[in-house]
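One structure is given here, and the rest of the page talks about it.
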Amino acid sequence: MMKNDRYIDNTEVIEKNLKYVHEKHEDIYKAYKEYGKLVHTKGGPLDEKTRWLIKIAISTACEYPYALTTHIKKAQMAGCSREEIEHAMLLVAPSAGFPKMMKGLLNLRQVFDGE
């Protein structure tokens, strides 16, 4: 995947639901999407890499694998290394729990190694 390519290939599992929300609640979905962009880009002074690492930690702590996969791929595109991404996940263990961190690492390995 090229660094400037912003398309992230999400799994089929969420694509159907996303399509449903987009079709049935188009205005709400558009507002939500725009809100997310504004918070990410204009919400404060954090650089892009840091923002993605925070999102990785949050997705890991929430155990939301689909968002986590997307955030890992976007973090890579923003220039985050595997080691930086893994560090963000390791930081989850003391606050949110070791099992959540372990699930996140499984997801990381799937993205990087296809395991």
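A note on labels: chains of the structure tokens are A, B, ... as shown, every chain counts residues from 1, and ligands are counted from 1 in their shown order.
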(request) Could you give me, as number ranges by chain, the residues within 6 Å of region 47-50 of chain A, counting only C-alpha atoms and dropping anything in the same chain fewer than 2 positions from it? (result) A: 52-53, 78
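For Arg109 (chain A), the residues within 12 Å (counting only C-alpha atoms, excluding itself and residues fewer than 2 positions away along the chain) are A:Leu68, A:Thr69, A:Ile72, A:Arg82, A:Glu83, A:Ile85, A:Glu86, A:Met89, A:Met102, A:Lys103, A:Gly104, A:Leu105, A:Leu106, A:Asn107, A:Val111, A:Phe112, A:Asp113, A:Gly114, A:Glu115.
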Based on the selection just made, write N, CA and C atoms of those residues as a PDB file, in the first residue's frame.
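Heads up, here's the output in again.pdb:
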```pdb
ATOM      1  N   LEU A  68      -9.182  -1.370  14.896  1.00  0.00           N
ATOM      2  CA  LEU A  68      -7.758  -1.526  15.156  1.00  0.00           C
ATOM      3  C   LEU A  68      -6.994  -1.832  13.876  1.00  0.00           C
ATOM      4  N   THR A  69      -7.515  -2.710  13.054  1.00  0.00           N
ATOM      5  CA  THR A  69      -6.862  -3.015  11.773  1.00  0.00           C
ATOM      6  C   THR A  69      -6.751  -1.758  10.923  1.00  0.00           C
ATOM      7  N   ILE A  72      -4.130   0.580  12.482  1.00  0.00           N
ATOM      8  CA  ILE A  72      -2.759   0.099  12.247  1.00  0.00           C
ATOM      9  C   ILE A  72      -2.316   0.461  10.837  1.00  0.00           C
ATOM     10  N   ARG A  82       6.440  -0.552  13.060  1.00  0.00           N
ATOM     11  CA  ARG A  82       5.833  -1.664  13.794  1.00  0.00           C
ATOM     12  C   ARG A  82       6.152  -1.535  15.283  1.00  0.00           C
ATOM     13  N   GLU A  83       7.380  -1.158  15.611  1.00  0.00           N
ATOM     14  CA  GLU A  83       7.795  -1.030  17.005  1.00  0.00           C
ATOM     15  C   GLU A  83       7.000   0.051  17.731  1.00  0.00           C
ATOM     16  N   ILE A  85       3.957   1.097  16.949  1.00  0.00           N
ATOM     17  CA  ILE A  85       2.584   0.591  17.077  1.00  0.00           C
ATOM     18  C   ILE A  85       2.516  -0.424  18.206  1.00  0.00           C
ATOM     19  N   GLU A  86       3.470  -1.322  18.253  1.00  0.00           N
ATOM     20  CA  GLU A  86       3.490  -2.331  19.314  1.00  0.00           C
ATOM     21  C   GLU A  86       3.651  -1.678  20.690  1.00  0.00           C
ATOM     22  N   MET A  89       0.414  -0.439  21.947  1.00  0.00           N
ATOM     23  CA  MET A  89      -0.409  -1.550  22.445  1.00  0.00           C
ATOM     24  C   MET A  89       0.064  -2.029  23.816  1.00  0.00           C
ATOM     25  N   MET A 102      -2.953  -8.368  24.642  1.00  0.00           N
ATOM     26  CA  MET A 102      -2.617  -9.590  23.900  1.00  0.00           C
ATOM     27  C   MET A 102      -3.479  -9.727  22.651  1.00  0.00           C
ATOM     28  N   LYS A 103      -4.774  -9.416  22.751  1.00  0.00           N
ATOM     29  CA  LYS A 103      -5.644  -9.457  21.565  1.00  0.00           C
ATOM     30  C   LYS A 103      -5.178  -8.445  20.525  1.00  0.00           C
ATOM     31  N   GLY A 104      -4.773  -7.278  20.982  1.00  0.00           N
ATOM     32  CA  GLY A 104      -4.261  -6.263  20.066  1.00  0.00           C
ATOM     33  C   GLY A 104      -3.018  -6.738  19.337  1.00  0.00           C
ATOM     34  N   LEU A 105      -2.116  -7.403  20.060  1.00  0.00           N
ATOM     35  CA  LEU A 105      -0.900  -7.916  19.434  1.00  0.00           C
ATOM     36  C   LEU A 105      -1.204  -8.988  18.387  1.00  0.00           C
ATOM     37  N   LEU A 106      -2.228  -9.786  18.640  1.00  0.00           N
ATOM     38  CA  LEU A 106      -2.650 -10.756  17.613  1.00  0.00           C
ATOM     39  C   LEU A 106      -3.068 -10.036  16.341  1.00  0.00           C
ATOM     40  N   ASN A 107      -3.827  -8.972  16.517  1.00  0.00           N
ATOM     41  CA  ASN A 107      -4.271  -8.187  15.371  1.00  0.00           C
ATOM     42  C   ASN A 107      -3.076  -7.573  14.640  1.00  0.00           C
ATOM     43  N   VAL A 111      -1.857  -8.150  10.665  1.00  0.00           N
ATOM     44  CA  VAL A 111      -1.638  -7.092   9.682  1.00  0.00           C
ATOM     45  C   VAL A 111      -0.223  -7.162   9.113  1.00  0.00           C
ATOM     46  N   PHE A 112       0.764  -7.316   9.978  1.00  0.00           N
ATOM     47  CA  PHE A 112       2.162  -7.278   9.525  1.00  0.00           C
ATOM     48  C   PHE A 112       2.641  -8.600   8.957  1.00  0.00           C
ATOM     49  N   ASP A 113       2.223  -9.698   9.564  1.00  0.00           N
ATOM     50  CA  ASP A 113       2.785 -11.003   9.209  1.00  0.00           C
ATOM     51  C   ASP A 113       1.797 -11.945   8.541  1.00  0.00           C
ATOM     52  N   GLY A 114       0.533 -11.560   8.512  1.00  0.00           N
ATOM     53  CA  GLY A 114      -0.486 -12.434   7.944  1.00  0.00           C
ATOM     54  C   GLY A 114      -0.777 -13.646   8.819  1.00  0.00           C
ATOM     55  N   GLU A 115      -0.392 -13.575  10.094  1.00  0.00           N
ATOM     56  CA  GLU A 115      -0.604 -14.718  11.009  1.00  0.00           C
ATOM     57  C   GLU A 115      -2.028 -14.769  11.518  1.00  0.00           C
TER      58      GLU A 115
END
```
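Between CA of Ala88 (chain A) and CA of Tyr66 (chain A) the interatomic distance comes to 17.1 Å.
Taking CA of Leu46 (chain A) and CA of Ile28 (chain A) as endpoints, the distance between them is 27.1 Å.
The residues of region 8-38 of chain A that DSSP assigns to alpha helix (DSSP H) on this backbone come out as Glu12, Val13, Ile14, Glu15, Lys16, Asn17, Leu18, Lys19, Tyr20, Val21, His22, Glu23, Lys24, Glu26, Asp27, Ile28, Tyr29, Lys30, Ala31, Tyr32, Lys33, Glu34, Tyr35, Gly36, Lys37 and Leu38 of chain A.
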Write out, as a PDB file, in the first residue's frame, the residues just selected, with N, CA and C atoms.
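Heads up, here's the output in part04.pdb:
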```
ATOM      1  N   GLU A  12     -15.162  -7.507   5.060  1.00  0.00           N
ATOM      2  CA  GLU A  12     -16.554  -7.641   4.625  1.00  0.00           C
ATOM      3  C   GLU A  12     -17.541  -7.553   5.779  1.00  0.00           C
ATOM      4  N   VAL A  13     -17.108  -7.988   6.933  1.00  0.00           N
ATOM      5  CA  VAL A  13     -17.999  -8.031   8.099  1.00  0.00           C
ATOM      6  C   VAL A  13     -18.609  -6.672   8.384  1.00  0.00           C
ATOM      7  N   ILE A  14     -17.814  -5.612   8.286  1.00  0.00           N
ATOM      8  CA  ILE A  14     -18.355  -4.292   8.608  1.00  0.00           C
ATOM      9  C   ILE A  14     -18.840  -3.527   7.380  1.00  0.00           C
ATOM     10  N   GLU A  15     -18.430  -3.955   6.210  1.00  0.00           N
ATOM     11  CA  GLU A  15     -18.851  -3.224   5.014  1.00  0.00           C
ATOM     12  C   GLU A  15     -20.361  -3.244   4.822  1.00  0.00           C
ATOM     13  N   LYS A  16     -20.992  -4.368   5.062  1.00  0.00           N
ATOM     14  CA  LYS A  16     -22.447  -4.454   4.914  1.00  0.00           C
ATOM     15  C   LYS A  16     -23.150  -3.532   5.901  1.00  0.00           C
ATOM     16  N   ASN A  17     -22.668  -3.516   7.129  1.00  0.00           N
ATOM     17  CA  ASN A  17     -23.291  -2.665   8.136  1.00  0.00           C
ATOM     18  C   ASN A  17     -23.054  -1.192   7.834  1.00  0.00           C
ATOM     19  N   LEU A  18     -21.861  -0.869   7.392  1.00  0.00           N
ATOM     20  CA  LEU A  18     -21.552   0.504   7.030  1.00  0.00           C
ATOM     21  C   LEU A  18     -22.428   0.964   5.865  1.00  0.00           C
ATOM     22  N   LYS A  19     -22.595   0.095   4.887  1.00  0.00           N
ATOM     23  CA  LYS A  19     -23.455   0.415   3.743  1.00  0.00           C
ATOM     24  C   LYS A  19     -24.892   0.655   4.210  1.00  0.00           C
ATOM     25  N   TYR A  20     -25.353  -0.168   5.126  1.00  0.00           N
ATOM     26  CA  TYR A  20     -26.706  -0.012   5.671  1.00  0.00           C
ATOM     27  C   TYR A  20     -26.862   1.355   6.339  1.00  0.00           C
ATOM     28  N   VAL A  21     -25.913   1.700   7.201  1.00  0.00           N
ATOM     29  CA  VAL A  21     -25.983   2.983   7.912  1.00  0.00           C
ATOM     30  C   VAL A  21     -25.915   4.132   6.916  1.00  0.00           C
ATOM     31  N   HIS A  22     -25.042   4.016   5.935  1.00  0.00           N
ATOM     32  CA  HIS A  22     -24.907   5.069   4.936  1.00  0.00           C
ATOM     33  C   HIS A  22     -26.205   5.249   4.142  1.00  0.00           C
ATOM     34  N   GLU A  23     -26.847   4.152   3.777  1.00  0.00           N
ATOM     35  CA  GLU A  23     -28.085   4.232   2.995  1.00  0.00           C
ATOM     36  C   GLU A  23     -29.273   4.684   3.830  1.00  0.00           C
ATOM     37  N   LYS A  24     -29.399   4.177   5.027  1.00  0.00           N
ATOM     38  CA  LYS A  24     -30.569   4.457   5.864  1.00  0.00           C
ATOM     39  C   LYS A  24     -30.448   5.754   6.668  1.00  0.00           C
ATOM     40  N   GLU A  26     -28.023   8.536   5.933  1.00  0.00           N
ATOM     41  CA  GLU A  26     -26.960   9.203   5.189  1.00  0.00           C
ATOM     42  C   GLU A  26     -26.500  10.507   5.838  1.00  0.00           C
ATOM     43  N   ASP A  27     -27.418  11.360   6.254  1.00  0.00           N
ATOM     44  CA  ASP A  27     -27.038  12.642   6.849  1.00  0.00           C
ATOM     45  C   ASP A  27     -26.282  12.456   8.158  1.00  0.00           C
ATOM     46  N   ILE A  28     -26.728  11.504   8.956  1.00  0.00           N
ATOM     47  CA  ILE A  28     -26.067  11.235  10.229  1.00  0.00           C
ATOM     48  C   ILE A  28     -24.659  10.683   9.970  1.00  0.00           C
ATOM     49  N   TYR A  29     -24.547   9.769   9.028  1.00  0.00           N
ATOM     50  CA  TYR A  29     -23.240   9.191   8.706  1.00  0.00           C
ATOM     51  C   TYR A  29     -22.273  10.257   8.200  1.00  0.00           C
ATOM     52  N   LYS A  30     -22.740  11.127   7.308  1.00  0.00           N
ATOM     53  CA  LYS A  30     -21.884  12.186   6.784  1.00  0.00           C
ATOM     54  C   LYS A  30     -21.414  13.122   7.896  1.00  0.00           C
ATOM     55  N   ALA A  31     -22.330  13.482   8.794  1.00  0.00           N
ATOM     56  CA  ALA A  31     -21.971  14.365   9.911  1.00  0.00           C
ATOM     57  C   ALA A  31     -20.949  13.683  10.824  1.00  0.00           C
ATOM     58  N   TYR A  32     -21.148  12.408  11.096  1.00  0.00           N
ATOM     59  CA  TYR A  32     -20.221  11.652  11.934  1.00  0.00           C
ATOM     60  C   TYR A  32     -18.838  11.589  11.292  1.00  0.00           C
ATOM     61  N   LYS A  33     -18.809  11.300  10.008  1.00  0.00           N
ATOM     62  CA  LYS A  33     -17.547  11.191   9.277  1.00  0.00           C
ATOM     63  C   LYS A  33     -16.811  12.537   9.276  1.00  0.00           C
ATOM     64  N   GLU A  34     -17.524  13.607   9.046  1.00  0.00           N
ATOM     65  CA  GLU A  34     -16.923  14.942   9.038  1.00  0.00           C
ATOM     66  C   GLU A  34     -16.417  15.314  10.433  1.00  0.00           C
ATOM     67  N   TYR A  35     -17.193  14.991  11.457  1.00  0.00           N
ATOM     68  CA  TYR A  35     -16.773  15.241  12.838  1.00  0.00           C
ATOM     69  C   TYR A  35     -15.453  14.518  13.139  1.00  0.00           C
ATOM     70  N   GLY A  36     -15.373  13.250  12.737  1.00  0.00           N
ATOM     71  CA  GLY A  36     -14.152  12.480  12.948  1.00  0.00           C
ATOM     72  C   GLY A  36     -12.947  13.114  12.272  1.00  0.00           C
ATOM     73  N   LYS A  37     -13.134  13.589  11.046  1.00  0.00           N
ATOM     74  CA  LYS A  37     -12.038  14.249  10.328  1.00  0.00           C
ATOM     75  C   LYS A  37     -11.604  15.526  11.041  1.00  0.00           C
ATOM     76  N   LEU A  38     -12.580  16.316  11.483  1.00  0.00           N
ATOM     77  CA  LEU A  38     -12.256  17.569  12.163  1.00  0.00           C
ATOM     78  C   LEU A  38     -11.511  17.328  13.466  1.00  0.00           C
TER      79      LEU A  38
END
```
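If you look at CA of Gly44 (chain A) and CA of Ser95 (chain A), they are 23.9 Å away from each other.
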(message) For His71 (chain A), find every residue with an atom within 7 Å (counting only C-alpha atoms), except residues of its own chain fewer than 4 positions away, and show them as a list in words.
(response) Trp52, Lys55, Ile56, Ala67 and Ala75 of chain A
So that I have them on file, write out the residues from the current selection with C-alpha atoms, as a compact mmCIF listing (two decimals), in the first residue's frame.
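So the final result, stored in again01.txt, reads:
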```txt
# COMPACT_ATOMS: atom_id res chain seq x y z
CA TRP A 52 -2.79 7.29 15.13
CA LYS A 55 -6.26 5.63 18.25
CA ILE A 56 -4.45 2.28 18.22
CA ALA A 67 -11.12 -0.31 13.89
CA ALA A 75 -0.59 4.55 11.29
```
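Residue nearest Ala96 (chain A), chosen from A:Arg51, A:Thr60, A:His25, A:Thr41 and counting only C-alpha atoms: A:Thr60.
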